[in-house]
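Q: Below are the C-alpha cells for one structure; questions will follow.
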Amino acid sequence: MQKPIISPQQAAELIKDNWVVCVEGGSGGLADAEAILSAIEERFLETGHPRDLTLYHSNGLGDRGDRSIGHLAHEGLIKRAIGGHWGLCPKMGKLALENKIEAYNFPQGPMAQLYREIAAKRPGVITKVGLHTYVDPRLEGGKLNEITKEDLVKLVEFEGEEYLFYPAFKPDVVLLRASLADTDGNLSMQYETGTFQVLSAAQAAKNSGGMVIAQVKHLVQSGSLDPRLVKVPGFLVDALVVVEDQWQTYEAEYNPAYCGEHRAPRAQMEKSPLNERTVVARRAAMELVPGVALNVGFGMSSQVATIAFEEGLEEDVIFTIEQGPTGGTPVSGIIFGVSRNPIAIIDQPYQFDFYDGGGLEVTFLGMAEADQEGNVNVSKFGSTLAGCGGFIDISQNAKKVVFCSTFTSGGLKVDFSSGRVNILQEGKYKKFISKVEQITFSGSYAKKMNQEVLFVTERAVFRLLPEGLTLTEVAPGIDPKTHILPYMDFEPRIAKDLKVMDPRIFRDEPMGIREEILAKAKRQSQAMYGN
C-alpha cells in the first residue's frame, strides 16, 4: 500500500500538543530529520503549537547551534526533555539550567535499549548501568534541575543484587531519517553512517498506537529496494517526507567511506600535530590491544584512533563506537559516531548489549574533572551541561578504562620541541579536585568491580589502586613537587617505583609501537591459551 508523501510543514501539523516525541539520529546531522524538526519550530513560532511536548532522544543531537533539536529549544514548545547527551544542543541545555523545562539525563544505552522493551510490551529496562552515579536515585536520579521532581529511574533488587529500572513509556510519534524509501514506505539506510535504533523505535511507536514519520532523500518504486537493505518495513511507517538535498552529515553531502560503499585510501589521513592532545593520545595508545573490541569516546580520547592509524595499527585493532559502527577509524569532532572504512554497522542497542556484558577489553574516554576517590565527571560542571551519552555504559563495564585529559585547562600552553615537557603557561583550572560536581564514573564502584583504571595526562599518569589514586609515571622534564602536586586539590599516593613516560611520546615522529603491542598481545595469548 502506498504511503502518503507529505511536506515537512504537513508533518509538523501532525504533531499534537502534549505528545511524546522521539527523535532518532546522532550528532552532527547523522540520520537526523532536520527538515521536519525545522518545520515544527516554524509552526510553533507562528501559531504557538505544538506545545508542552515531551522530547526523548537517546543520542546527542545538534551542531552546538540551532540545528536538529535546537529547533525545538523554545519555552512552551518543550515541557520535558529526556536526553542521553545534551552537549550538542546548548539552547536546550540553557532551558534546563534556567528551570524552564523538566530535564533528565540518562545513559545512552538503556535509552536505546528501552525501545525494544516498549515494542515488546515489557515493563522497561533492568540494568546495573548507572548504579552509584548521578543517575542512581540515591544521588540525583538523573534529574538536571530543581523543577524536575518525578522519579523516572528506580533502584530495585533482584535475587539479592541491586539494579536500576528504567520504565517504559508510550511514544506518540517517532521522527527518523533514511536514505531511500519505496512508495510502500520500506526504508533503506544504506547511505547513512549508522542505523542507530530506528527499527526498534518504529516498532515501539507502532505497538504503542503512535506514528512514524520518515524523512528520506530518494523515493523509488515499490519493490525496487534490495530486501536485505530494508531496515524498516513499510507497514511500520505512516508518512514520508522527501528532502532531495538531504546531506549525510552536517559536514558533507556524502562520503562513501562513512557508510561502507567505498574504502577511503590511507593517504587521506592527516598527521597529528605534536601538542598536548596528541601526547595524551600517544600515551593512551600504548594501552591498545590487538584483535579484541576497543572503544574510543568523544573529544580528546577519540584521537587515540588517529594515533593507531599513524602507527600502522589500523588493521590490528578493532575500534567500536556506541552508535554501531565497528572497525575502521572513528572520526572525531562534531560528527562523532562515524567511522571511516567500517567493517560492520550494527544497531546501537546491540552494541550496548555487548558493552554491558563486559565485551570491551579497553576503552579510552575523556575527563572533565576527577577527585581523590577516583570519581570522574564528564556530564555537568558549572554552567556546562554536557550529559553522559554512552560514557556510563562503557566506563562501568569495560575491563580497562583509560581516561584522557590535560592536567589543567583554560589557557594551558606546553612545548615539546626538546623531547621533554616544558610548561610555558599553566592552565587556570585544576582538573584533579577534592570532589567532583557530579559523579559520572564511580571510583569506589570501579574498585569493587576490579576494573583497571588509568588517568593519562600530558605530564603524568595516575592509576586507581585499592589504596587510592596513585601517581605512577611522570613525563621527561616534569618534577612532581613543582609541576604536579601544586595543581591538585589533594595529594595523591606516589608509587615507589615512579617511572618516566616513554620519551618517544614527545618526539615529532612515529613512535614505532606496533611490534611491541603485537608482541605483548602474543605473550598474553600464550599465557592464557598456551599457544
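By convention in this document, the chains of the C-alpha cells carry letters A, B, ... by their order, each chain's residues are numbered from 1, and ligands are numbered from 1 in the order they are shown.
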Enumerate, in order of chain and increasing residue number, the residues of stretch 183-276 of chain A with an atom no farther than 9 Å from stretch 8-23 of chain A, each with its shortest atom pair and distance in Å to one decimal, counting only C-alpha atoms, as a tab-separated table.
A:
```
residue	atom	partner	partner_atom	distance
A:Ala201	CA	A:Cys22	CA	8.1
A:Ala205	CA	A:Cys22	CA	9.0
A:Ile213	CA	A:Ala11	CA	7.4
A:Gln215	CA	A:Pro8	CA	8.4
A:Ala239	CA	A:Ala11	CA	8.1
A:Leu240	CA	A:Ala11	CA	8.7
A:Val241	CA	A:Pro8	CA	6.2
A:Val242	CA	A:Pro8	CA	8.4
A:Val243	CA	A:Pro8	CA	8.6
```
Q: Output all heavy atoms for every residue in that selection, as a PDB file, in the first residue's frame.
A:
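Final file, out-v7.pdb:
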```
ATOM      1  N   ALA A 201      12.663   1.677  17.442  1.00  0.00           N
ATOM      2  CA  ALA A 201      11.839   2.856  17.729  1.00  0.00           C
ATOM      3  C   ALA A 201      10.545   2.825  16.936  1.00  0.00           C
ATOM      4  O   ALA A 201       9.466   3.146  17.458  1.00  0.00           O
ATOM      5  CB  ALA A 201      12.630   4.127  17.416  1.00  0.00           C
ATOM      6  N   ALA A 205       6.786   2.642  18.555  1.00  0.00           N
ATOM      7  CA  ALA A 205       5.707   3.591  18.260  1.00  0.00           C
ATOM      8  C   ALA A 205       4.465   2.858  17.768  1.00  0.00           C
ATOM      9  O   ALA A 205       3.343   3.117  18.231  1.00  0.00           O
ATOM     10  CB  ALA A 205       6.173   4.605  17.223  1.00  0.00           C
ATOM     11  N   ILE A 213       7.085   8.931  11.241  1.00  0.00           N
ATOM     12  CA  ILE A 213       7.271   9.804  10.084  1.00  0.00           C
ATOM     13  C   ILE A 213       8.738   9.735   9.692  1.00  0.00           C
ATOM     14  O   ILE A 213       9.622   9.969  10.517  1.00  0.00           O
ATOM     15  CB  ILE A 213       6.870  11.258  10.396  1.00  0.00           C
ATOM     16  CG1 ILE A 213       5.437  11.322  10.934  1.00  0.00           C
ATOM     17  CG2 ILE A 213       7.022  12.121   9.152  1.00  0.00           C
ATOM     18  CD1 ILE A 213       5.016  12.713  11.385  1.00  0.00           C
ATOM     19  N   GLN A 215      11.851  10.965   7.145  1.00  0.00           N
ATOM     20  CA  GLN A 215      12.420  11.859   6.142  1.00  0.00           C
ATOM     21  C   GLN A 215      13.403  11.053   5.306  1.00  0.00           C
ATOM     22  O   GLN A 215      14.234  10.312   5.850  1.00  0.00           O
ATOM     23  CB  GLN A 215      13.136  13.025   6.825  1.00  0.00           C
ATOM     24  CG  GLN A 215      13.845  13.961   5.859  1.00  0.00           C
ATOM     25  CD  GLN A 215      14.594  15.071   6.584  1.00  0.00           C
ATOM     26  OE1 GLN A 215      14.070  15.701   7.494  1.00  0.00           O
ATOM     27  NE2 GLN A 215      15.837  15.294   6.176  1.00  0.00           N
ATOM     28  N   ALA A 239       4.067   7.992   7.175  1.00  0.00           N
ATOM     29  CA  ALA A 239       4.176   9.043   6.162  1.00  0.00           C
ATOM     30  C   ALA A 239       5.636   9.265   5.817  1.00  0.00           C
ATOM     31  O   ALA A 239       6.536   9.027   6.631  1.00  0.00           O
ATOM     32  CB  ALA A 239       3.542  10.336   6.665  1.00  0.00           C
ATOM     33  N   LEU A 240       5.863   9.760   4.595  1.00  0.00           N
ATOM     34  CA  LEU A 240       7.204  10.024   4.097  1.00  0.00           C
ATOM     35  C   LEU A 240       7.351  11.503   3.761  1.00  0.00           C
ATOM     36  O   LEU A 240       6.440  12.117   3.205  1.00  0.00           O
ATOM     37  CB  LEU A 240       7.482   9.203   2.840  1.00  0.00           C
ATOM     38  CG  LEU A 240       7.403   7.679   2.975  1.00  0.00           C
ATOM     39  CD1 LEU A 240       7.483   7.041   1.591  1.00  0.00           C
ATOM     40  CD2 LEU A 240       8.512   7.160   3.869  1.00  0.00           C
ATOM     41  N   VAL A 241       8.509  12.048   4.094  1.00  0.00           N
ATOM     42  CA  VAL A 241       8.870  13.412   3.720  1.00  0.00           C
ATOM     43  C   VAL A 241      10.123  13.322   2.860  1.00  0.00           C
ATOM     44  O   VAL A 241      11.176  12.897   3.330  1.00  0.00           O
ATOM     45  CB  VAL A 241       9.136  14.283   4.966  1.00  0.00           C
ATOM     46  CG1 VAL A 241       9.616  15.673   4.548  1.00  0.00           C
ATOM     47  CG2 VAL A 241       7.899  14.379   5.846  1.00  0.00           C
ATOM     48  N   VAL A 242      10.028  13.681   1.601  1.00  0.00           N
ATOM     49  CA  VAL A 242      11.158  13.574   0.680  1.00  0.00           C
ATOM     50  C   VAL A 242      11.921  14.891   0.660  1.00  0.00           C
ATOM     51  O   VAL A 242      11.351  15.954   0.371  1.00  0.00           O
ATOM     52  CB  VAL A 242      10.682  13.208  -0.737  1.00  0.00           C
ATOM     53  CG1 VAL A 242      11.876  13.113  -1.693  1.00  0.00           C
ATOM     54  CG2 VAL A 242       9.904  11.900  -0.719  1.00  0.00           C
ATOM     55  N   VAL A 243      13.212  14.832   0.985  1.00  0.00           N
ATOM     56  CA  VAL A 243      14.079  16.015   1.010  1.00  0.00           C
ATOM     57  C   VAL A 243      15.281  15.702   0.130  1.00  0.00           C
ATOM     58  O   VAL A 243      16.238  15.045   0.554  1.00  0.00           O
ATOM     59  CB  VAL A 243      14.515  16.350   2.453  1.00  0.00           C
ATOM     60  CG1 VAL A 243      15.424  17.582   2.458  1.00  0.00           C
ATOM     61  CG2 VAL A 243      13.301  16.578   3.343  1.00  0.00           C
TER      62      VAL A 243
END
```
Q: Pick out the residues sitting within 8 Å of A:Ala285, and hand them over as a short mmCIF file (atom, residue, chain, number, x, y, z; two decimals) with all heavy atoms, in the first residue's frame; count only C-alpha atoms, and ignore anything fewer than 2 positions along from it in its own chain.
A:
```cif
data_model
loop_
_atom_site.label_atom_id
_atom_site.label_comp_id
_atom_site.auth_asym_id
_atom_site.auth_seq_id
_atom_site.Cartn_x
_atom_site.Cartn_y
_atom_site.Cartn_z
N ALA A 281 47.06 11.29 23.72
CA ALA A 281 46.56 10.18 22.89
C ALA A 281 47.66 9.15 22.63
O ALA A 281 47.41 7.94 22.58
CB ALA A 281 45.99 10.71 21.59
N ARG A 282 48.90 9.61 22.46
CA ARG A 282 50.02 8.70 22.21
C ARG A 282 50.27 7.80 23.42
O ARG A 282 50.46 6.59 23.27
CB ARG A 282 51.28 9.49 21.87
CG ARG A 282 51.31 10.03 20.46
CD ARG A 282 52.57 10.83 20.22
NE ARG A 282 52.95 10.81 18.81
CZ ARG A 282 54.17 11.06 18.36
NH1 ARG A 282 55.14 11.34 19.22
NH2 ARG A 282 54.43 11.00 17.08
N ARG A 283 50.27 8.41 24.61
CA ARG A 283 50.49 7.57 25.81
C ARG A 283 49.33 6.60 25.99
O ARG A 283 49.52 5.42 26.32
CB ARG A 283 50.65 8.45 27.06
CG ARG A 283 50.67 7.66 28.38
CD ARG A 283 51.78 6.64 28.42
NE ARG A 283 51.70 5.79 29.60
CZ ARG A 283 51.01 4.65 29.67
NH1 ARG A 283 50.30 4.25 28.61
NH2 ARG A 283 51.02 3.93 30.77
N GLU A 287 48.20 1.49 25.45
CA GLU A 287 47.34 0.51 26.11
C GLU A 287 46.47 -0.25 25.12
O GLU A 287 45.60 -1.03 25.52
CB GLU A 287 46.44 1.22 27.14
CG GLU A 287 47.19 2.04 28.17
CD GLU A 287 48.10 1.19 29.05
OE1 GLU A 287 47.71 0.04 29.36
OE2 GLU A 287 49.19 1.67 29.42
N LEU A 288 46.67 -0.02 23.82
CA LEU A 288 45.89 -0.73 22.80
C LEU A 288 46.14 -2.24 22.86
O LEU A 288 47.25 -2.68 23.19
CB LEU A 288 46.24 -0.22 21.41
CG LEU A 288 45.75 1.19 21.05
CD1 LEU A 288 46.42 1.68 19.78
CD2 LEU A 288 44.24 1.22 20.90
N VAL A 304 42.93 8.77 19.96
CA VAL A 304 43.67 7.51 20.09
C VAL A 304 43.54 6.70 18.80
O VAL A 304 44.49 6.04 18.36
CB VAL A 304 43.16 6.70 21.30
CG1 VAL A 304 43.82 5.33 21.34
CG2 VAL A 304 43.43 7.46 22.60
N ILE A 307 46.00 8.03 16.30
CA ILE A 307 47.36 7.58 16.61
C ILE A 307 47.56 6.13 16.18
O ILE A 307 48.60 5.75 15.64
CB ILE A 307 47.66 7.75 18.11
CG1 ILE A 307 47.54 9.22 18.52
CG2 ILE A 307 49.04 7.21 18.45
CD1 ILE A 307 48.45 10.17 17.78
N ALA A 308 46.55 5.30 16.42
CA ALA A 308 46.64 3.90 16.00
C ALA A 308 46.86 3.81 14.48
O ALA A 308 47.64 3.00 14.00
CB ALA A 308 45.38 3.15 16.40
#
```
Q: List the neighbours of A:Ala284 out to 8 Å using only C-alpha atoms; skip same-chain residues closer than 4 positions along the sequence, and give me the result as a list in words.
A: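 Contacts, in chain order: Val280, Leu288, Val304, Phe364, Val402, Cys404 and Val456 of chain A.
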Q: Can you tell me, as a short mmCIF file (atom, residue, chain, number, x, y, z; two decimals) with all heavy atoms, in the first residue's frame, which residues in stretch 73-206 of chain A count as strand (DSSP E) by DSSP?
A:
```
data_model
loop_
_atom_site.label_atom_id
_atom_site.label_comp_id
_atom_site.auth_asym_id
_atom_site.auth_seq_id
_atom_site.Cartn_x
_atom_site.Cartn_y
_atom_site.Cartn_z
N ILE A 78 8.61 22.81 24.47
CA ILE A 78 9.04 21.62 25.22
C ILE A 78 8.66 21.78 26.68
O ILE A 78 8.94 22.81 27.31
CB ILE A 78 10.57 21.41 25.10
CG1 ILE A 78 10.96 21.16 23.65
CG2 ILE A 78 11.03 20.26 25.99
CD1 ILE A 78 10.40 19.89 23.05
N LYS A 79 8.01 20.76 27.21
CA LYS A 79 7.71 20.73 28.64
C LYS A 79 8.74 19.90 29.39
O LYS A 79 9.17 20.25 30.48
CB LYS A 79 6.32 20.14 28.87
CG LYS A 79 5.95 20.00 30.35
CD LYS A 79 4.58 19.34 30.52
CE LYS A 79 4.25 19.19 32.01
NZ LYS A 79 2.93 18.52 32.19
N ARG A 80 9.14 18.78 28.79
CA ARG A 80 10.08 17.85 29.43
C ARG A 80 11.01 17.28 28.37
O ARG A 80 10.57 16.92 27.28
CB ARG A 80 9.32 16.73 30.13
CG ARG A 80 10.19 15.60 30.63
CD ARG A 80 9.37 14.48 31.27
NE ARG A 80 8.86 14.88 32.58
CZ ARG A 80 8.17 14.07 33.39
NH1 ARG A 80 7.88 12.83 32.99
NH2 ARG A 80 7.74 14.50 34.56
N ALA A 81 12.30 17.23 28.69
CA ALA A 81 13.28 16.65 27.78
C ALA A 81 14.04 15.55 28.52
O ALA A 81 14.54 15.77 29.63
CB ALA A 81 14.25 17.71 27.27
N ILE A 82 14.11 14.39 27.88
CA ILE A 82 14.84 13.24 28.43
C ILE A 82 15.89 12.88 27.39
O ILE A 82 15.56 12.38 26.32
CB ILE A 82 13.91 12.05 28.69
CG1 ILE A 82 12.73 12.48 29.57
CG2 ILE A 82 14.67 10.91 29.35
CD1 ILE A 82 11.59 11.48 29.59
N GLY A 83 17.15 13.18 27.69
CA GLY A 83 18.19 13.01 26.69
C GLY A 83 19.36 12.20 27.20
O GLY A 83 19.69 12.23 28.39
N GLU A 102 11.37 20.65 32.43
CA GLU A 102 11.80 19.50 33.21
C GLU A 102 12.86 18.78 32.38
O GLU A 102 12.74 18.66 31.17
CB GLU A 102 10.63 18.57 33.49
CG GLU A 102 9.53 19.20 34.33
CD GLU A 102 8.33 18.29 34.48
OE1 GLU A 102 8.48 17.07 34.25
OE2 GLU A 102 7.24 18.78 34.81
N ALA A 103 13.91 18.30 33.05
CA ALA A 103 15.04 17.78 32.28
C ALA A 103 15.69 16.60 32.98
O ALA A 103 15.92 16.62 34.20
CB ALA A 103 16.08 18.88 32.06
N TYR A 104 16.01 15.57 32.19
CA TYR A 104 16.68 14.37 32.68
C TYR A 104 17.82 14.02 31.75
O TYR A 104 17.77 14.25 30.54
CB TYR A 104 15.71 13.18 32.71
CG TYR A 104 14.50 13.34 33.60
CD1 TYR A 104 13.37 14.02 33.14
CD2 TYR A 104 14.48 12.79 34.88
CE1 TYR A 104 12.24 14.15 33.94
CE2 TYR A 104 13.35 12.91 35.68
CZ TYR A 104 12.24 13.59 35.21
OH TYR A 104 11.12 13.72 36.01
N ASN A 105 18.86 13.44 32.32
CA ASN A 105 19.97 12.91 31.53
C ASN A 105 20.22 11.47 31.98
O ASN A 105 20.63 11.23 33.10
CB ASN A 105 21.22 13.75 31.73
CG ASN A 105 22.43 13.22 30.98
OD1 ASN A 105 23.56 13.37 31.43
ND2 ASN A 105 22.23 12.59 29.84
N GLY A 124 10.13 -2.42 31.04
CA GLY A 124 11.23 -1.47 30.95
C GLY A 124 12.56 -2.19 30.94
O GLY A 124 12.63 -3.41 30.74
N VAL A 125 13.64 -1.44 31.16
CA VAL A 125 14.99 -1.98 31.16
C VAL A 125 15.48 -2.11 32.60
O VAL A 125 15.42 -1.15 33.37
CB VAL A 125 15.96 -1.07 30.37
CG1 VAL A 125 17.40 -1.52 30.55
CG2 VAL A 125 15.59 -1.08 28.89
N ILE A 126 15.94 -3.29 32.96
CA ILE A 126 16.58 -3.51 34.26
C ILE A 126 18.06 -3.74 34.00
O ILE A 126 18.44 -4.65 33.26
CB ILE A 126 15.97 -4.71 35.00
CG1 ILE A 126 14.49 -4.46 35.31
CG2 ILE A 126 16.73 -4.98 36.29
CD1 ILE A 126 13.79 -5.62 35.97
N THR A 127 18.90 -2.92 34.58
CA THR A 127 20.33 -2.95 34.28
C THR A 127 21.12 -2.39 35.46
O THR A 127 20.58 -1.67 36.29
CB THR A 127 20.62 -2.12 33.02
OG1 THR A 127 22.03 -2.09 32.78
CG2 THR A 127 20.13 -0.69 33.16
N LYS A 154 14.38 3.91 38.94
CA LYS A 154 14.17 3.36 40.28
C LYS A 154 15.24 2.34 40.62
O LYS A 154 15.73 1.60 39.76
CB LYS A 154 12.78 2.70 40.35
CG LYS A 154 11.64 3.66 40.06
CD LYS A 154 10.30 2.93 40.02
CE LYS A 154 9.18 3.90 39.66
NZ LYS A 154 7.86 3.21 39.57
N LEU A 155 15.59 2.30 41.90
CA LEU A 155 16.50 1.28 42.42
C LEU A 155 15.69 0.04 42.78
O LEU A 155 14.71 0.14 43.52
CB LEU A 155 17.25 1.81 43.65
CG LEU A 155 18.24 0.85 44.31
CD1 LEU A 155 19.46 0.65 43.42
CD2 LEU A 155 18.66 1.37 45.68
N VAL A 156 16.07 -1.11 42.24
CA VAL A 156 15.35 -2.35 42.53
C VAL A 156 16.35 -3.42 42.93
O VAL A 156 17.56 -3.32 42.66
CB VAL A 156 14.52 -2.83 41.32
CG1 VAL A 156 13.45 -1.81 40.97
CG2 VAL A 156 15.41 -3.11 40.12
N GLU A 157 15.85 -4.45 43.57
CA GLU A 157 16.70 -5.58 43.94
C GLU A 157 16.14 -6.83 43.30
O GLU A 157 14.94 -7.09 43.33
CB GLU A 157 16.74 -5.75 45.46
CG GLU A 157 17.72 -6.81 45.92
CD GLU A 157 17.87 -6.88 47.44
OE1 GLU A 157 18.26 -5.86 48.04
OE2 GLU A 157 17.56 -7.95 48.00
N PHE A 158 17.03 -7.63 42.71
CA PHE A 158 16.62 -8.87 42.07
C PHE A 158 17.63 -9.95 42.43
O PHE A 158 18.83 -9.80 42.18
CB PHE A 158 16.56 -8.70 40.54
CG PHE A 158 16.13 -9.92 39.80
CD1 PHE A 158 14.82 -10.36 39.86
CD2 PHE A 158 17.04 -10.64 39.05
CE1 PHE A 158 14.42 -11.49 39.18
CE2 PHE A 158 16.65 -11.77 38.36
CZ PHE A 158 15.33 -12.20 38.43
N GLU A 161 20.74 -8.71 44.28
CA GLU A 161 21.63 -7.73 43.68
C GLU A 161 20.87 -6.47 43.30
O GLU A 161 19.68 -6.53 42.97
CB GLU A 161 22.31 -8.31 42.43
CG GLU A 161 23.26 -9.45 42.72
CD GLU A 161 24.11 -9.79 41.51
OE1 GLU A 161 24.71 -8.86 40.92
OE2 GLU A 161 24.18 -10.97 41.16
N GLU A 162 21.58 -5.35 43.36
CA GLU A 162 20.98 -4.06 43.03
C GLU A 162 21.00 -3.82 41.52
O GLU A 162 21.97 -4.13 40.84
CB GLU A 162 21.73 -2.92 43.72
CG GLU A 162 21.57 -2.88 45.22
CD GLU A 162 22.31 -1.72 45.85
OE1 GLU A 162 23.21 -1.14 45.18
OE2 GLU A 162 22.00 -1.40 47.01
N TYR A 163 19.91 -3.22 41.03
CA TYR A 163 19.80 -2.82 39.64
C TYR A 163 19.07 -1.48 39.58
O TYR A 163 18.41 -1.08 40.54
CB TYR A 163 19.00 -3.84 38.81
CG TYR A 163 19.66 -5.19 38.65
CD1 TYR A 163 19.50 -6.18 39.63
CD2 TYR A 163 20.42 -5.49 37.52
CE1 TYR A 163 20.10 -7.43 39.49
CE2 TYR A 163 21.01 -6.74 37.36
CZ TYR A 163 20.85 -7.70 38.35
OH TYR A 163 21.43 -8.92 38.20
N LEU A 164 19.16 -0.83 38.42
CA LEU A 164 18.32 0.32 38.14
C LEU A 164 17.25 -0.09 37.13
O LEU A 164 17.51 -0.86 36.21
CB LEU A 164 19.14 1.49 37.58
CG LEU A 164 20.14 2.13 38.53
CD1 LEU A 164 20.82 3.33 37.87
CD2 LEU A 164 19.52 2.54 39.85
N PHE A 165 16.06 0.43 37.33
CA PHE A 165 14.93 0.14 36.46
C PHE A 165 14.53 1.40 35.72
O PHE A 165 14.20 2.42 36.33
CB PHE A 165 13.75 -0.39 37.27
CG PHE A 165 12.47 -0.57 36.48
CD1 PHE A 165 12.44 -1.41 35.38
CD2 PHE A 165 11.32 0.11 36.84
CE1 PHE A 165 11.27 -1.58 34.64
CE2 PHE A 165 10.15 -0.05 36.11
CZ PHE A 165 10.13 -0.89 35.01
N TYR A 166 14.61 1.35 34.38
CA TYR A 166 14.19 2.45 33.53
C TYR A 166 12.85 2.06 32.92
O TYR A 166 12.79 1.20 32.03
CB TYR A 166 15.22 2.70 32.42
CG TYR A 166 16.60 3.09 32.93
CD1 TYR A 166 17.50 2.12 33.37
CD2 TYR A 166 17.00 4.41 32.96
CE1 TYR A 166 18.76 2.46 33.83
CE2 TYR A 166 18.27 4.77 33.42
CZ TYR A 166 19.15 3.79 33.85
OH TYR A 166 20.40 4.14 34.30
N PRO A 167 11.74 2.63 33.38
CA PRO A 167 10.42 2.16 32.95
C PRO A 167 10.06 2.56 31.52
O PRO A 167 10.54 3.58 30.99
CB PRO A 167 9.47 2.83 33.95
CG PRO A 167 10.20 4.03 34.43
CD PRO A 167 11.66 3.68 34.42
N VAL A 173 4.93 9.77 18.62
CA VAL A 173 5.47 9.87 17.27
C VAL A 173 6.98 9.66 17.32
O VAL A 173 7.65 10.09 18.27
CB VAL A 173 5.14 11.22 16.61
CG1 VAL A 173 5.80 12.38 17.35
CG2 VAL A 173 5.54 11.24 15.14
N VAL A 174 7.50 8.96 16.32
CA VAL A 174 8.94 8.81 16.13
C VAL A 174 9.31 9.50 14.83
O VAL A 174 8.70 9.23 13.78
CB VAL A 174 9.35 7.32 16.10
CG1 VAL A 174 10.78 7.17 15.58
CG2 VAL A 174 9.24 6.70 17.48
N LEU A 175 10.30 10.38 14.90
CA LEU A 175 10.81 11.08 13.72
C LEU A 175 12.17 10.48 13.38
O LEU A 175 13.09 10.51 14.21
CB LEU A 175 10.95 12.57 13.99
CG LEU A 175 9.68 13.30 14.49
CD1 LEU A 175 9.98 14.77 14.77
CD2 LEU A 175 8.55 13.16 13.48
N LEU A 176 12.29 9.91 12.19
CA LEU A 176 13.55 9.29 11.81
C LEU A 176 13.91 9.67 10.38
O LEU A 176 13.13 10.32 9.68
CB LEU A 176 13.47 7.77 11.99
CG LEU A 176 12.37 7.01 11.26
CD1 LEU A 176 12.80 6.65 9.84
CD2 LEU A 176 12.01 5.74 12.02
N ARG A 177 15.11 9.25 9.98
CA ARG A 177 15.57 9.57 8.64
C ARG A 177 16.19 8.34 8.00
O ARG A 177 16.84 7.52 8.67
CB ARG A 177 16.63 10.68 8.67
CG ARG A 177 16.93 11.26 7.29
CD ARG A 177 18.03 12.28 7.35
NE ARG A 177 19.35 11.69 7.18
CZ ARG A 177 20.49 12.33 7.39
NH1 ARG A 177 20.47 13.57 7.84
NH2 ARG A 177 21.65 11.73 7.22
N ALA A 178 15.99 8.21 6.70
CA ALA A 178 16.58 7.11 5.94
C ALA A 178 17.13 7.66 4.63
O ALA A 178 16.90 8.83 4.28
CB ALA A 178 15.55 6.02 5.68
N SER A 179 17.86 6.82 3.92
CA SER A 179 18.42 7.23 2.63
C SER A 179 17.39 7.13 1.51
O SER A 179 17.22 8.04 0.71
CB SER A 179 19.63 6.35 2.28
OG SER A 179 20.58 6.35 3.31
N LEU A 180 16.71 5.98 1.47
CA LEU A 180 15.74 5.73 0.41
C LEU A 180 14.46 5.15 1.01
O LEU A 180 14.49 4.47 2.03
CB LEU A 180 16.27 4.72 -0.61
CG LEU A 180 17.54 5.03 -1.40
CD1 LEU A 180 18.74 4.44 -0.70
CD2 LEU A 180 17.44 4.45 -2.80
N ALA A 181 13.36 5.43 0.35
CA ALA A 181 12.09 4.78 0.66
C ALA A 181 11.45 4.39 -0.66
O ALA A 181 11.57 5.10 -1.66
CB ALA A 181 11.16 5.71 1.43
N ASP A 182 10.78 3.23 -0.66
CA ASP A 182 9.96 2.97 -1.84
C ASP A 182 8.55 3.49 -1.57
O ASP A 182 8.25 3.96 -0.47
CB ASP A 182 10.01 1.49 -2.23
CG ASP A 182 9.31 0.55 -1.25
OD1 ASP A 182 8.55 1.02 -0.38
OD2 ASP A 182 9.53 -0.67 -1.36
N LEU A 187 12.04 1.32 4.14
CA LEU A 187 13.14 2.27 4.30
C LEU A 187 14.49 1.57 4.25
O LEU A 187 14.71 0.55 4.91
CB LEU A 187 13.02 2.99 5.65
CG LEU A 187 11.72 3.73 5.94
CD1 LEU A 187 11.78 4.36 7.33
CD2 LEU A 187 11.44 4.79 4.89
N SER A 188 15.41 2.14 3.48
CA SER A 188 16.80 1.69 3.46
C SER A 188 17.69 2.81 4.00
O SER A 188 17.49 3.98 3.68
CB SER A 188 17.24 1.36 2.03
OG SER A 188 18.65 1.23 1.96
#
```
Q: Using only C-alpha atoms, which of the listed residues (A:Ser379, A:Thr183, A:Ser405, A:Gln108) sits closest to A:Leu225?
A: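 Closest to A:Leu225 of all the choices is A:Thr183.
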Q: Would you mind listing what lies within 7 Å of A:Ala344 as a list of chain:residue names, with only C-alpha atoms counted and same-chain residues fewer than 3 positions away left out?
A: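 Contacts, in chain order: A:Pro325, A:Thr326, A:Gly327.
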Q: Please give the complete set of residues from stretch 290-339 of chain A that DSSP, run on the backbone, assigns to alpha helix (DSSP H), formatted as a CSV table (one decimal) with N, CA and C atoms, in the first residue's frame.
A:
```
chain,number,residue,atom,x,y,z
A,303,GLN,N,41.1,10.8,19.6
A,303,GLN,CA,42.4,10.9,18.9
A,303,GLN,C,43.2,9.6,19.0
A,304,VAL,N,42.9,8.8,20.0
A,304,VAL,CA,43.7,7.5,20.1
A,304,VAL,C,43.5,6.7,18.8
A,305,ALA,N,42.4,6.8,18.2
A,305,ALA,CA,42.2,6.0,16.9
A,305,ALA,C,43.1,6.6,15.8
A,306,THR,N,43.3,7.9,15.8
A,306,THR,CA,44.1,8.5,14.8
A,306,THR,C,45.6,8.1,15.0
A,307,ILE,N,46.0,8.0,16.3
A,307,ILE,CA,47.4,7.6,16.6
A,307,ILE,C,47.6,6.1,16.2
A,308,ALA,N,46.6,5.3,16.4
A,308,ALA,CA,46.6,3.9,16.0
A,308,ALA,C,46.9,3.8,14.5
A,309,PHE,N,46.2,4.7,13.7
A,309,PHE,CA,46.3,4.7,12.3
A,309,PHE,C,47.7,5.1,11.9
A,310,GLU,N,48.2,6.2,12.6
A,310,GLU,CA,49.6,6.7,12.3
A,310,GLU,C,50.7,5.6,12.6
```
Q: For each of A:Thr329, A:Ser58, A:Gln425, A:Thr47, take the minimum atom-to-atom distance to A:Gly312, counting only C-alpha atoms, then give the residue where this is smallest.
A: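 The answer is A:Thr329, which sits nearest to A:Gly312.
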Q: Considering only C-alpha atoms, can you say which of A:Phe381, A:Tyr134, A:Tyr115, A:Phe462 comes closest to A:Gly87?
A: A:Phe381
Q: Nearest to A:Met211: which of A:Val237, A:Ala386, A:Ala39, A:Ile494 is it, counting only C-alpha atoms?
A: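 Closest candidate: A:Val237.
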Q: For stretch 91-204 of chain A versus stretch 230-233 of chain A, which residues have an atom no more than 8 Å away, and what is each residue's nearest atom pair and distance in Å rounded to one decimal, using only C-alpha atoms, chain-then-number order, as CSV?
A:
```
residue,atom,partner,partner_atom,distance
A:Gly185,CA,A:Pro233,CA,7.0
A:Asn186,CA,A:Pro233,CA,4.6
A:Leu187,CA,A:Val232,CA,5.1
A:Ser188,CA,A:Val230,CA,4.5
A:Met189,CA,A:Lys231,CA,6.6
A:Thr195,CA,A:Lys231,CA,7.9
A:Val198,CA,A:Val232,CA,7.3
A:Leu199,CA,A:Val232,CA,5.4
A:Ala202,CA,A:Val232,CA,7.6
```
